[in-house]
Number of protein chains: 2
Amino acid sequence: MGAVGMSGSGLRGRARIEDVARASEVSVATVSRALRGLPNVAESTRLRVMAVAADLHYQPDPAAARLAAGRTRTVIVMVPHLASWYFSTVIAGAEAVCNESGYEFVVVGVGSSTECTRLLADTTHLERRADGVIIVNIPVTDEQDASLHERRVALSTVGVRAGGAPSVFVDDNAVGHLAATTLAGLGHRRIAMLSGQDADPLNFAVPTRRAMGFRAGLADVGLTLRDDFVVGGNFGIDGGREAAVRLLDLPEPPTAVFAMSDEMAFGALMELEHRGLRPGVDVSVLGVDDHDAARVVGLSTIRQDVGSQGATAARSLVAEMSEGRVGGPTDRVEPIMSPIELVLRRTTGPVC
Amino acid sequence: MGAVGMSGSGLRGRARIEDVARASEVSVATVSRALRGLPNVAESTRLRVMAVAADLHYQPDPAAARLAAGRTRTVIVMVPHLASWYFSTVIAGAEAVCNESGYEFVVVGVGSSTECTRLLADTTHLERRADGVIIVNIPVTDEQDASLHERRVALSTVGVRAGGAPSVFVDDNAVGHLAATTLAGLGHRRIAMLSGQDADPLNFAVPTRRAMGFRAGLADVGLTLRDDFVVGGNFGIDGGREAAVRLLDLPEPPTAVFAMSDEMAFGALMELEHRGLRPGVDVSVLGVDDHDAARVVGLSTIRQDVGSQGATAARSLVAEMSEGRVGGPTDRVEPIMSPIELVLRRTTGPVC
DNA sequence: ATGAAAGCGCTAACAT
DNA sequence: ATGTTAGCGCTTTCAT
């Protein structure tokens, strides 16, 4: 293999496409085509080129390829709270698909959904940085969707819908409804809700829909949600615990609590423990997610498959990008509904 | 502001450096210098250029900048199990620092540490892809370190040491020692160890060091670790539970268990619960990490600040990269020891 | 302090 | 099926 002037392993200065071309006695264009699997390359040529490339440890320079092709083969995922179970699980699912499909996977953590909105406001940031963006649980306006579209960067969302972009989410209304009927079915009448509605005004869609479903579910069995049984907080453990404090301090506290996330439910469980109340007997607690730790504490929950939501979103995005129909006509893609499943463990029980 | 031929917001086709140059009546070189804060630019010029750039929504094309400058302003972090608490927390810490320092943060999930080793074996992959790499809890050989160095990509590790590269980790030996003395101090004599030593032959350093410290700690109080009190498994919940099963099936089971991660401890807790055994009274359990959920179940643990380890690793890497001393003389950087702290909650108690 | 011009390494027309 | 060539948009000597 005529590795011209470059000795096997200890080479200083990487091989460029031109080196491969010279060594395989074809033009750089042919090398480029051969290596990328494009048509119009004789199979014998392709084989030879590939062999030489491997021999030379040739790796195309991504920056050069991007500049020339105008595409980055990069997807950006934007999330707040990178360290939380929910987001890291989404990311894990998406990352696997992206890397497998040959896309660089860059994550940018936005401090708040407000910051995210600001980032999305001026899509010039994204224009030449990524071929696609995955937005997790942050509302995207139609203008932002359109702006992204115009700049030819694909969009895929999880947890929320955005314009005509592909999206995957659970039926939050059904989640709330299921929670209500489950708890009521256990005989509970004083049922409260730990809403994930916190100070961040932008993270409102999911809690709102779950609350609607919850109210509707209660109504279906002739119950109404008392105002003092609705307490908000952030989606985390502390938010859940603080909310639980307020609930349990009520003169007539609830006998069952629906927490909008397992982490909030964990917080509630801590407060029960703190007060010597037994989950599932004194107070029932039902969460949402099926967090890794849910089974540890025996938390009853409404499971959603967060990892596969991330994977699905990534797959939609890859499809969008590779079909080259990003700047094209806006054909709305059908949103994908991810299933939910009731998992009863021991934090729920009949009213005593 | 003479925004030549481009109207404020709805512009089709982004502004290039040349547009900025024309509009601010200087050369592209000056624009480049001005925008990057380089010296030898009159302050008045810089201001004018910056104003024009903002007006035009100019964003330099990263691919072009990379190609021209030969640096990517990108760091890659390699981790297995992206979704686990430990890794996602490290990543969160590192991401914040990287983005703040203007580095693209790309994560590649390697299926196993074996796969990671393979990736690191041929560093040509990385050469023009990233200015630096963060490796989390995966051993890096000196050759790999050298090879990276030669290809001018900086390295920073967390959880393990690698050659002369910056690294941050906890004193695993001390962790094991502290676990042993803590449990023994509670009066326990039959103390077992749930090791994170699983099938993956590469993830051996951490468990091994913790085990050494543990043995030493036991020895300090005149105890020895029985062979049947050492059980392995993966670092997760299931690994912990399976290991606990084996332990509790022993004719003379331990009264205290040191789990090498909180997740393993969770698994052990599940098994105790399953058998009607009370943590902290029938069997004491001590973990490592201070996982978010640890306080929920009252798990006693040896806390480490994983998030700041990620941040620290990233900061070291940024320093390494920006001081331009990547391909230079190999001056070994002092490793940074991250502190640990004993957190006693209710899964540990005196022997009964 | 500023400008002119030569690349960086690749892709994509457009030949042939 | 393969080759030629003109960029992609920036950074960076080297002049001035």
# chains A, B, ... in the order shown; residues from 1 in each chain; ligands from 1
call {"tool": "select_by_dssp", "arguments": {"residues": "stretch 148-254 of chain A", "states": "helix (DSSP H, G or I)", "output": "ChimeraX atom specification"}}
result
/A:148-150,172-185,205-220,227-229,237-248
call {"tool": "write_last_selection", "arguments": {"atoms": "C-alpha atoms", "output": "mmCIF file, in the first residue's frame"}}
result
data_model
loop_
_atom_site.group_PDB
_atom_site.id
_atom_site.type_symbol
_atom_site.label_atom_id
_atom_site.label_comp_id
_atom_site.auth_asym_id
_atom_site.auth_seq_id
_atom_site.Cartn_x
_atom_site.Cartn_y
_atom_site.Cartn_z
ATOM 1 C CA LEU A 148 -35.887 27.739 12.733
ATOM 2 C CA HIS A 149 -37.471 26.316 9.634
ATOM 3 C CA GLU A 150 -36.449 29.335 7.616
ATOM 4 C CA ASP A 172 -50.897 14.652 30.058
ATOM 5 C CA ASN A 173 -54.602 15.001 30.257
ATOM 6 C CA ALA A 174 -54.924 11.241 30.513
ATOM 7 C CA VAL A 175 -52.201 11.185 33.144
ATOM 8 C CA GLY A 176 -54.173 13.544 35.347
ATOM 9 C CA HIS A 177 -57.378 11.696 34.686
ATOM 10 C CA LEU A 178 -55.876 8.342 35.527
ATOM 11 C CA ALA A 179 -54.429 9.724 38.721
ATOM 12 C CA ALA A 180 -57.791 11.054 39.823
ATOM 13 C CA THR A 181 -59.769 7.936 39.075
ATOM 14 C CA THR A 182 -57.137 5.690 40.596
ATOM 15 C CA LEU A 183 -57.073 7.554 43.857
ATOM 16 C CA ALA A 184 -60.831 7.983 43.951
ATOM 17 C CA GLY A 185 -61.213 4.307 43.110
ATOM 18 C CA ALA A 205 -48.061 23.438 29.648
ATOM 19 C CA VAL A 206 -47.477 20.084 31.274
ATOM 20 C CA PRO A 207 -48.750 20.960 34.766
ATOM 21 C CA THR A 208 -51.737 22.694 33.279
ATOM 22 C CA ARG A 209 -52.781 19.749 31.178
ATOM 23 C CA ARG A 210 -52.255 17.287 33.981
ATOM 24 C CA ALA A 211 -54.317 19.494 36.254
ATOM 25 C CA MET A 212 -57.114 19.641 33.729
ATOM 26 C CA GLY A 213 -57.235 15.908 33.384
ATOM 27 C CA PHE A 214 -57.088 15.533 37.116
ATOM 28 C CA ARG A 215 -60.036 17.862 37.650
ATOM 29 C CA ALA A 216 -61.967 16.105 34.935
ATOM 30 C CA GLY A 217 -61.244 12.721 36.450
ATOM 31 C CA LEU A 218 -62.433 13.894 39.808
ATOM 32 C CA ALA A 219 -65.539 15.337 38.252
ATOM 33 C CA ASP A 220 -66.249 11.992 36.613
ATOM 34 C CA ASP A 227 -58.701 25.158 46.124
ATOM 35 C CA ASP A 228 -56.577 24.535 49.180
ATOM 36 C CA PHE A 229 -55.780 21.083 47.850
ATOM 37 C CA ILE A 237 -37.870 16.789 45.709
ATOM 38 C CA ASP A 238 -37.793 20.039 47.622
ATOM 39 C CA GLY A 239 -40.713 21.443 45.704
ATOM 40 C CA GLY A 240 -42.669 18.330 46.581
ATOM 41 C CA ARG A 241 -41.755 18.448 50.196
ATOM 42 C CA GLU A 242 -42.619 22.112 50.649
ATOM 43 C CA ALA A 243 -45.925 21.569 48.959
ATOM 44 C CA ALA A 244 -46.629 18.584 51.181
ATOM 45 C CA VAL A 245 -45.940 20.664 54.249
ATOM 46 C CA ARG A 246 -48.619 23.113 53.276
ATOM 47 C CA LEU A 247 -51.053 20.328 52.545
ATOM 48 C CA LEU A 248 -50.509 18.492 55.795
#
call {"tool": "residues_around", "arguments": {"residues": "D:DT11", "least_positions_apart": "4", "cutoff": "12 Å", "atoms": "only C-alpha atoms (C1' of nucleotides)", "output": "ChimeraX atom specification"}}
result
/B:17,28-33,36,60,62-71 /C:5-8
call {"tool": "write_last_selection", "arguments": {"atoms": "C-alpha atoms (C1' of nucleotides)", "output": "PDB file, in the first residue's frame"}}
result
ATOM      1  CA  ILE B  17     -17.763  38.736   8.102  1.00  0.00           C
ATOM      2  CA  VAL B  28     -12.338  41.634   7.340  1.00  0.00           C
ATOM      3  CA  ALA B  29      -9.112  41.173   9.244  1.00  0.00           C
ATOM      4  CA  THR B  30      -9.956  44.066  11.481  1.00  0.00           C
ATOM      5  CA  VAL B  31     -13.455  42.768  12.030  1.00  0.00           C
ATOM      6  CA  SER B  32     -12.063  39.411  13.005  1.00  0.00           C
ATOM      7  CA  ARG B  33      -9.644  40.986  15.440  1.00  0.00           C
ATOM      8  CA  ARG B  36     -12.428  38.379  19.133  1.00  0.00           C
ATOM      9  CA  PRO B  60     -19.240  33.795  12.878  1.00  0.00           C
ATOM     10  CA  PRO B  62     -17.974  27.981  13.640  1.00  0.00           C
ATOM     11  CA  ALA B  63     -16.971  25.579  10.915  1.00  0.00           C
ATOM     12  CA  ALA B  64     -15.099  28.256   9.020  1.00  0.00           C
ATOM     13  CA  ALA B  65     -13.441  29.490  12.174  1.00  0.00           C
ATOM     14  CA  ARG B  66     -12.364  26.001  13.061  1.00  0.00           C
ATOM     15  CA  LEU B  67     -11.014  25.222   9.664  1.00  0.00           C
ATOM     16  CA  ALA B  68      -9.034  28.412   9.513  1.00  0.00           C
ATOM     17  CA  ALA B  69      -7.777  28.408  13.070  1.00  0.00           C
ATOM     18  CA  GLY B  70      -7.234  24.705  13.433  1.00  0.00           C
ATOM     19  CA  ARG B  71      -8.969  24.707  16.788  1.00  0.00           C
TER      20      ARG B  71
ATOM     21  C1'  DA C   5      -4.026  37.817   0.338  1.00  0.00           C
ATOM     22  C1'  DA C   6      -2.979  33.054   1.081  1.00  0.00           C
ATOM     23  C1'  DG C   7      -4.722  29.253   2.727  1.00  0.00           C
ATOM     24  C1'  DC C   8      -7.476  25.724   6.156  1.00  0.00           C
TER      25       DC C   8
END
call {"tool": "atom_distance", "arguments": {"atom1": "atom CA of B:Arg275", "atom2": "atom CA of B:Trp85"}}
result
26.8 Å
call {"tool": "atom_distance", "arguments": {"atom1": "atom CA of B:Gly109", "atom2": "atom CA of B:Ser316"}}
result
21.6 Å
call {"tool": "residues_around", "arguments": {"residues": "D:DA1", "least_positions_apart": "4", "cutoff": "8 Å", "atoms": "only C-alpha atoms (C1' of nucleotides)", "output": "list in words"}}
result
Asn40, Val41 and Ala42 of chain A
call {"tool": "calpha_fit_and_write", "arguments": {"fixed": "chain B", "moving": "chain A", "output": "short mmCIF file (atom, residue, chain, number, x, y, z; two decimals) with C-alpha atoms, in the first residue's frame"}}
result
data_model
loop_
_atom_site.label_atom_id
_atom_site.label_comp_id
_atom_site.auth_asym_id
_atom_site.auth_seq_id
_atom_site.Cartn_x
_atom_site.Cartn_y
_atom_site.Cartn_z
CA MET A 1 -25.99 52.05 10.31
CA GLY A 2 -25.31 51.19 6.73
CA ALA A 3 -26.71 47.70 6.69
CA VAL A 4 -25.93 47.32 3.04
CA GLY A 5 -28.59 45.38 1.28
CA MET A 6 -29.80 43.51 4.32
CA SER A 7 -32.97 44.56 6.00
CA GLY A 8 -33.14 44.26 9.76
CA SER A 9 -34.82 41.03 10.77
CA GLY A 10 -36.30 39.01 7.98
CA LEU A 11 -33.04 38.62 6.15
CA ARG A 12 -32.58 35.57 4.02
CA GLY A 13 -28.95 34.47 3.92
CA ARG A 14 -26.90 35.25 6.95
CA ALA A 15 -24.34 38.00 7.21
CA ARG A 16 -20.72 37.07 6.65
CA ILE A 17 -17.67 38.72 8.00
CA GLU A 18 -17.26 40.49 4.71
CA ASP A 19 -20.63 42.16 5.09
CA VAL A 20 -19.61 43.45 8.47
CA ALA A 21 -16.33 44.66 7.06
CA ARG A 22 -17.99 46.53 4.26
CA ALA A 23 -20.62 48.09 6.48
CA SER A 24 -18.09 49.24 9.04
CA GLU A 25 -15.58 50.31 6.41
CA VAL A 26 -12.67 48.25 7.60
CA SER A 27 -11.07 45.05 6.40
CA VAL A 28 -12.23 41.57 7.32
CA ALA A 29 -9.07 41.10 9.33
CA THR A 30 -9.92 44.03 11.52
CA VAL A 31 -13.43 42.76 11.99
CA SER A 32 -12.08 39.40 13.02
CA ARG A 33 -9.68 40.96 15.49
CA ALA A 34 -12.22 43.39 16.84
CA LEU A 35 -14.87 40.80 17.43
CA ARG A 36 -12.54 38.38 19.13
CA GLY A 37 -11.15 40.96 21.48
CA LEU A 38 -7.62 40.78 20.11
CA PRO A 39 -5.21 43.63 20.70
CA ASN A 40 -4.16 46.15 18.09
CA VAL A 41 -7.58 47.45 17.37
CA ALA A 42 -8.50 51.06 18.09
CA GLU A 43 -11.22 51.17 20.66
CA SER A 44 -13.34 53.36 18.45
CA THR A 45 -13.01 50.87 15.63
CA ARG A 46 -13.89 47.97 17.86
CA LEU A 47 -17.00 49.70 19.05
CA ARG A 48 -18.13 50.53 15.57
CA VAL A 49 -17.51 47.01 14.33
CA MET A 50 -19.35 45.49 17.23
CA ALA A 51 -22.30 47.75 16.65
CA VAL A 52 -22.46 46.85 12.98
CA ALA A 53 -22.10 43.17 13.75
CA ALA A 54 -24.95 43.31 16.21
CA ASP A 55 -27.01 45.28 13.76
CA LEU A 56 -26.46 42.66 11.10
CA HIS A 57 -27.00 39.80 13.54
CA TYR A 58 -23.63 38.59 12.50
CA GLN A 59 -22.54 35.28 13.97
CA PRO A 60 -19.25 33.84 12.78
CA ASP A 61 -19.57 30.46 11.16
CA PRO A 62 -17.99 28.03 13.61
CA ALA A 63 -16.99 25.58 10.91
CA ALA A 64 -15.09 28.22 9.01
CA ALA A 65 -13.42 29.48 12.17
CA ARG A 66 -12.39 25.98 13.10
CA LEU A 67 -11.03 25.17 9.73
CA ALA A 68 -9.03 28.33 9.56
CA ALA A 69 -7.79 28.36 13.12
CA GLY A 70 -7.26 24.65 13.50
CA ARG A 71 -9.00 24.68 16.82
CA THR A 72 -12.52 23.52 17.44
CA ARG A 73 -13.54 25.17 20.68
CA THR A 74 -15.24 21.91 21.44
CA VAL A 75 -14.85 19.51 24.29
CA ILE A 76 -16.03 15.96 24.23
CA VAL A 77 -17.06 14.15 27.35
CA MET A 78 -17.12 10.39 27.23
CA VAL A 79 -19.28 8.45 29.63
CA PRO A 80 -21.00 5.11 29.89
CA HIS A 81 -24.58 5.05 31.28
CA LEU A 82 -25.46 8.64 30.49
CA ALA A 83 -28.69 8.37 32.41
CA SER A 84 -27.27 7.43 35.78
CA TRP A 85 -27.20 9.87 38.64
CA TYR A 86 -23.46 9.90 38.88
CA PHE A 87 -22.70 10.57 35.25
CA SER A 88 -25.45 13.03 34.62
CA THR A 89 -24.34 14.99 37.64
CA VAL A 90 -20.74 15.07 36.49
CA ILE A 91 -21.91 16.18 33.08
CA ALA A 92 -24.08 18.92 34.46
CA GLY A 93 -21.11 20.34 36.32
CA ALA A 94 -18.83 20.14 33.32
CA GLU A 95 -21.35 21.47 30.86
CA ALA A 96 -21.91 24.67 32.77
CA VAL A 97 -18.22 25.46 32.84
CA CYS A 98 -17.64 24.58 29.19
CA ASN A 99 -20.49 26.57 27.79
CA GLU A 100 -19.59 29.49 29.99
CA SER A 101 -16.07 29.36 28.63
CA GLY A 102 -17.34 29.31 25.09
CA TYR A 103 -16.77 25.67 24.35
CA GLU A 104 -19.21 23.48 22.54
CA PHE A 105 -20.01 20.57 24.80
CA VAL A 106 -20.55 17.29 23.05
CA VAL A 107 -21.31 14.12 24.87
CA VAL A 108 -20.69 10.72 23.54
CA GLY A 109 -22.07 7.81 25.42
CA VAL A 110 -19.91 4.75 25.17
CA GLY A 111 -21.79 1.55 25.78
CA SER A 112 -19.13 0.14 28.00
CA SER A 113 -15.74 1.15 29.22
CA THR A 114 -14.42 -1.43 26.80
CA GLU A 115 -15.87 0.54 23.96
CA CYS A 116 -14.34 3.66 25.40
CA THR A 117 -10.94 2.09 25.47
CA ARG A 118 -11.38 1.13 21.86
CA LEU A 119 -12.29 4.70 21.01
CA LEU A 120 -9.28 5.96 22.83
CA ALA A 121 -7.05 3.39 21.18
CA ASP A 122 -7.16 5.22 17.90
CA THR A 123 -7.08 8.85 18.79
CA THR A 124 -7.41 9.87 15.15
CA HIS A 125 -11.14 10.14 15.80
CA LEU A 126 -10.56 12.97 18.18
CA GLU A 127 -7.82 14.82 16.39
CA ARG A 128 -9.77 17.48 14.62
CA ARG A 129 -12.99 17.00 16.47
CA ALA A 130 -12.25 18.47 19.85
CA ASP A 131 -9.68 20.54 21.66
CA GLY A 132 -10.15 18.53 24.77
CA VAL A 133 -11.68 15.40 26.20
CA ILE A 134 -13.11 14.67 29.60
CA ILE A 135 -13.07 11.04 30.60
CA VAL A 136 -15.23 10.01 33.49
CA ASN A 137 -14.37 7.02 35.57
CA ILE A 138 -12.71 5.06 32.84
CA PRO A 139 -9.07 4.15 33.09
CA VAL A 140 -6.78 5.82 30.59
CA THR A 141 -3.41 4.33 29.86
CA ASP A 142 -0.27 6.38 29.62
CA GLU A 143 -0.02 5.54 25.96
CA GLN A 144 -3.48 6.93 25.35
CA ASP A 145 -2.60 10.02 27.30
CA ALA A 146 0.56 10.45 25.26
CA SER A 147 -1.24 9.80 22.01
CA LEU A 148 -3.82 12.41 22.83
CA HIS A 149 -1.10 14.81 23.82
CA GLU A 150 0.70 14.24 20.55
CA ARG A 151 -2.45 14.96 18.63
CA ARG A 152 -2.82 18.13 20.62
CA VAL A 153 -6.05 17.27 22.30
CA ALA A 154 -6.12 18.05 25.98
CA LEU A 155 -7.27 15.51 28.52
CA SER A 156 -8.89 15.79 31.90
CA THR A 157 -10.23 12.92 33.92
CA VAL A 158 -12.59 12.49 36.79
CA GLY A 159 -12.58 9.50 39.06
CA VAL A 160 -9.26 8.22 37.81
CA ARG A 161 -5.74 9.44 37.24
CA ALA A 162 -4.17 9.36 33.80
CA GLY A 163 -0.55 10.12 33.10
CA GLY A 164 0.24 13.76 33.68
CA ALA A 165 -3.21 15.00 32.74
CA PRO A 166 -5.28 17.01 35.18
CA SER A 167 -7.63 14.87 37.19
CA VAL A 168 -10.05 15.12 40.04
CA PHE A 169 -11.22 12.30 42.22
CA VAL A 170 -11.97 11.31 45.74
CA ASP A 171 -9.59 9.39 47.92
CA ASP A 172 -11.21 6.03 47.36
CA ASN A 173 -8.95 4.42 49.84
CA ALA A 174 -10.16 6.83 52.49
CA VAL A 175 -13.75 6.16 51.46
CA GLY A 176 -13.33 2.46 52.12
CA HIS A 177 -11.48 3.11 55.33
CA LEU A 178 -14.11 5.49 56.62
CA ALA A 179 -16.83 3.02 55.79
CA ALA A 180 -15.11 0.27 57.72
CA THR A 181 -14.37 2.29 60.82
CA THR A 182 -17.82 3.83 60.84
CA LEU A 183 -19.58 0.52 60.72
CA ALA A 184 -17.18 -1.11 63.15
CA GLY A 185 -17.55 1.90 65.43
CA LEU A 186 -21.23 1.13 65.64
CA GLY A 187 -20.29 -2.20 67.13
CA HIS A 188 -20.68 -4.31 64.04
CA ARG A 189 -18.40 -7.28 63.59
CA ARG A 190 -19.99 -9.11 60.69
CA ILE A 191 -19.52 -6.46 58.04
CA ALA A 192 -19.90 -7.14 54.34
CA MET A 193 -19.01 -5.26 51.22
CA LEU A 194 -21.07 -4.78 48.07
CA SER A 195 -18.39 -4.19 45.54
CA GLY A 196 -18.98 -2.43 42.26
CA GLN A 197 -16.70 -4.93 40.64
CA ASP A 198 -18.78 -6.30 37.85
CA ALA A 199 -18.30 -8.11 34.61
CA ASP A 200 -16.72 -5.12 32.92
CA PRO A 201 -13.03 -5.79 33.46
CA LEU A 202 -12.06 -2.20 32.83
CA ASN A 203 -13.97 -0.59 35.59
CA PHE A 204 -11.75 -1.88 38.29
CA ALA A 205 -9.80 0.97 39.75
CA VAL A 206 -12.42 2.56 41.96
CA PRO A 207 -13.84 -0.65 43.47
CA THR A 208 -10.36 -1.97 44.03
CA ARG A 209 -9.18 1.08 45.90
CA ARG A 210 -12.31 1.28 47.99
CA ALA A 211 -11.94 -2.38 48.83
CA MET A 212 -8.36 -1.87 49.90
CA GLY A 213 -9.26 0.96 52.18
CA PHE A 214 -12.14 -1.02 53.55
CA ARG A 215 -9.94 -4.00 54.38
CA ALA A 216 -7.38 -1.72 55.94
CA GLY A 217 -10.02 0.00 58.03
CA LEU A 218 -11.30 -3.30 59.26
CA ALA A 219 -7.79 -4.41 60.05
CA ASP A 220 -7.28 -1.26 62.09
CA VAL A 221 -9.95 -2.41 64.48
CA GLY A 222 -8.83 -6.00 64.47
CA LEU A 223 -11.35 -7.32 61.99
CA THR A 224 -10.83 -9.19 58.76
CA LEU A 225 -13.11 -9.30 55.79
CA ARG A 226 -14.52 -12.77 55.27
CA ASP A 227 -14.43 -13.97 51.70
CA ASP A 228 -18.13 -14.70 51.59
CA PHE A 229 -18.80 -11.15 52.72
CA VAL A 230 -17.48 -9.75 49.51
CA VAL A 231 -20.02 -9.78 46.73
CA GLY A 232 -19.84 -7.98 43.42
CA GLY A 233 -22.30 -6.61 40.95
CA ASN A 234 -22.80 -3.59 38.78
CA PHE A 235 -22.94 -0.19 40.39
CA GLY A 236 -26.69 0.11 39.96
CA ILE A 237 -29.75 -0.77 41.95
CA ASP A 238 -30.10 -4.24 40.51
CA GLY A 239 -26.47 -5.04 41.08
CA GLY A 240 -26.90 -4.02 44.69
CA ARG A 241 -30.01 -6.02 45.16
CA GLU A 242 -28.60 -9.20 43.65
CA ALA A 243 -25.53 -8.88 45.78
CA ALA A 244 -27.66 -8.36 48.87
CA VAL A 245 -29.60 -11.50 48.11
CA ARG A 246 -26.44 -13.54 48.17
CA LEU A 247 -25.33 -11.92 51.39
CA LEU A 248 -28.59 -12.44 53.21
CA ASP A 249 -28.83 -16.02 52.07
CA LEU A 250 -25.65 -16.79 53.93
CA PRO A 251 -26.03 -19.04 56.97
CA GLU A 252 -24.55 -16.32 59.10
CA PRO A 253 -25.44 -13.06 57.32
CA PRO A 254 -23.75 -9.74 58.01
CA THR A 255 -25.20 -7.17 60.38
CA ALA A 256 -23.78 -4.31 58.36
CA VAL A 257 -23.17 -3.71 54.70
CA PHE A 258 -20.97 -1.23 52.93
CA ALA A 259 -22.25 -0.56 49.42
CA MET A 260 -19.86 1.13 47.04
CA SER A 261 -22.54 3.38 45.63
CA ASP A 262 -25.83 4.69 46.89
CA GLU A 263 -27.60 2.95 44.06
CA MET A 264 -26.22 -0.38 45.18
CA ALA A 265 -27.31 0.54 48.67
CA PHE A 266 -30.81 1.21 47.35
CA GLY A 267 -30.84 -2.27 45.91
CA ALA A 268 -29.80 -3.68 49.25
CA LEU A 269 -32.52 -1.68 50.97
CA MET A 270 -35.08 -3.15 48.62
CA GLU A 271 -33.99 -6.64 49.49
CA LEU A 272 -34.12 -5.88 53.21
CA GLU A 273 -37.61 -4.53 52.79
CA HIS A 274 -38.52 -7.61 50.80
CA ARG A 275 -37.40 -9.82 53.67
CA GLY A 276 -38.96 -7.72 56.35
CA LEU A 277 -35.62 -6.69 57.75
CA ARG A 278 -35.32 -3.19 59.17
CA PRO A 279 -32.46 -1.06 57.83
CA GLY A 280 -30.45 0.49 60.60
CA VAL A 281 -31.65 -1.97 63.17
CA ASP A 282 -31.53 -5.47 61.74
CA VAL A 283 -28.96 -4.63 59.13
CA SER A 284 -27.05 -1.40 58.74
CA VAL A 285 -26.40 -0.09 55.27
CA LEU A 286 -23.87 2.55 54.30
CA GLY A 287 -23.52 3.89 50.78
CA VAL A 288 -21.31 6.28 48.86
CA ASP A 289 -22.31 9.41 46.91
CA ASP A 290 -25.21 11.11 48.59
CA HIS A 291 -27.49 10.54 45.66
CA ASP A 292 -30.50 12.82 45.43
CA ALA A 293 -32.72 10.04 46.66
CA ALA A 294 -30.51 9.10 49.59
CA ARG A 295 -32.17 11.53 51.92
CA VAL A 296 -35.56 10.26 50.84
CA VAL A 297 -34.88 6.80 52.16
CA GLY A 298 -32.70 8.05 54.99
CA LEU A 299 -29.65 6.34 53.60
CA SER A 300 -26.43 6.86 55.53
CA THR A 301 -23.67 7.55 53.09
CA ILE A 302 -20.27 8.94 52.38
CA ARG A 303 -20.94 12.04 50.42
CA GLN A 304 -18.88 13.23 47.50
CA ASP A 305 -19.59 16.33 45.48
CA VAL A 306 -19.92 14.87 42.04
CA GLY A 307 -21.18 18.00 40.35
CA SER A 308 -18.23 20.06 41.40
CA GLN A 309 -15.91 17.29 40.30
CA GLY A 310 -17.31 17.68 36.82
CA ALA A 311 -16.91 21.44 37.03
CA THR A 312 -13.38 21.15 38.31
CA ALA A 313 -12.40 18.77 35.56
CA ALA A 314 -13.82 21.12 32.99
CA ARG A 315 -11.99 24.08 34.48
CA SER A 316 -8.70 22.21 34.38
CA LEU A 317 -9.36 21.30 30.80
CA VAL A 318 -10.18 24.84 29.81
CA ALA A 319 -6.99 26.04 31.47
CA GLU A 320 -5.01 23.39 29.66
CA MET A 321 -6.50 24.34 26.33
CA SER A 322 -6.33 28.07 26.64
CA GLU A 323 -2.80 28.17 27.96
CA GLY A 324 -1.98 26.66 24.65
CA ARG A 325 0.30 24.19 26.34
CA VAL A 326 -1.36 21.14 24.94
CA GLY A 327 1.19 19.89 22.49
CA GLY A 328 3.95 21.39 24.57
CA PRO A 329 6.28 20.01 27.20
CA THR A 330 4.65 17.47 29.43
CA ASP A 331 4.46 19.15 32.78
CA ARG A 332 2.37 16.95 34.96
CA VAL A 333 -0.48 18.70 36.65
CA GLU A 334 -1.19 17.99 40.26
CA PRO A 335 -4.32 15.92 40.71
CA ILE A 336 -7.11 17.48 42.69
CA MET A 337 -8.61 15.62 45.60
CA SER A 338 -12.30 16.17 46.09
CA PRO A 339 -13.48 15.98 49.70
CA ILE A 340 -15.69 13.33 51.21
CA GLU A 341 -18.00 13.62 54.16
CA LEU A 342 -19.79 11.10 56.32
CA VAL A 343 -23.55 11.61 56.42
CA LEU A 344 -25.28 9.49 58.99
CA ARG A 345 -28.98 9.03 58.52
CA ARG A 346 -31.14 6.17 59.56
CA THR A 347 -29.97 3.11 57.67
CA THR A 348 -27.09 2.73 60.06
CA GLY A 349 -27.35 1.97 63.73
CA PRO A 350 -25.65 0.11 66.52
CA VAL A 351 -25.48 -3.64 66.28
CA CYS A 352 -28.43 -5.19 68.01
#
call {"tool": "select_by_dssp", "arguments": {"residues": "stretch 88-185 of chain A", "states": "strand (DSSP E)", "output": "ChimeraX atom specification"}}
result
/A:104-109,132-136,154-158,167-170
call {"tool": "closest_atom_pairs", "arguments": {"of": "chain C", "to": "chain B", "cutoff": "7 Å", "atoms": "only C-alpha atoms (C1' of nucleotides)", "output": "CSV"}}
result
residue,atom,partner,partner_atom,distance
C:DA1,C1',B:Asn40,CA,5.8
C:DT2,C1',B:Thr30,CA,6.7
C:DG3,C1',B:Ser27,CA,6.2
C:DC8,C1',B:Ala68,CA,4.6
call {"tool": "interface_residues", "arguments": {"of": "chain D", "to": "chain B", "cutoff": "8 Å", "atoms": "only C-alpha atoms (C1' of nucleotides)", "output": "CSV table (one decimal) with C-alpha atoms (C1' of nucleotides), in the first residue's frame"}}
result
chain,number,residue,atom,x,y,z
D,8,DC,C1',-17.4,27.5,1.8
D,9,DG,C1',-16.2,31.8,5.6
D,10,DC,C1',-13.0,32.5,8.4
D,11,DT,C1',-7.9,33.3,10.5
call {"tool": "atom_distance", "arguments": {"atom1": "atom C1' of D:DC14", "atom2": "atom C1' of C:DA4"}}
result
9.2 Å
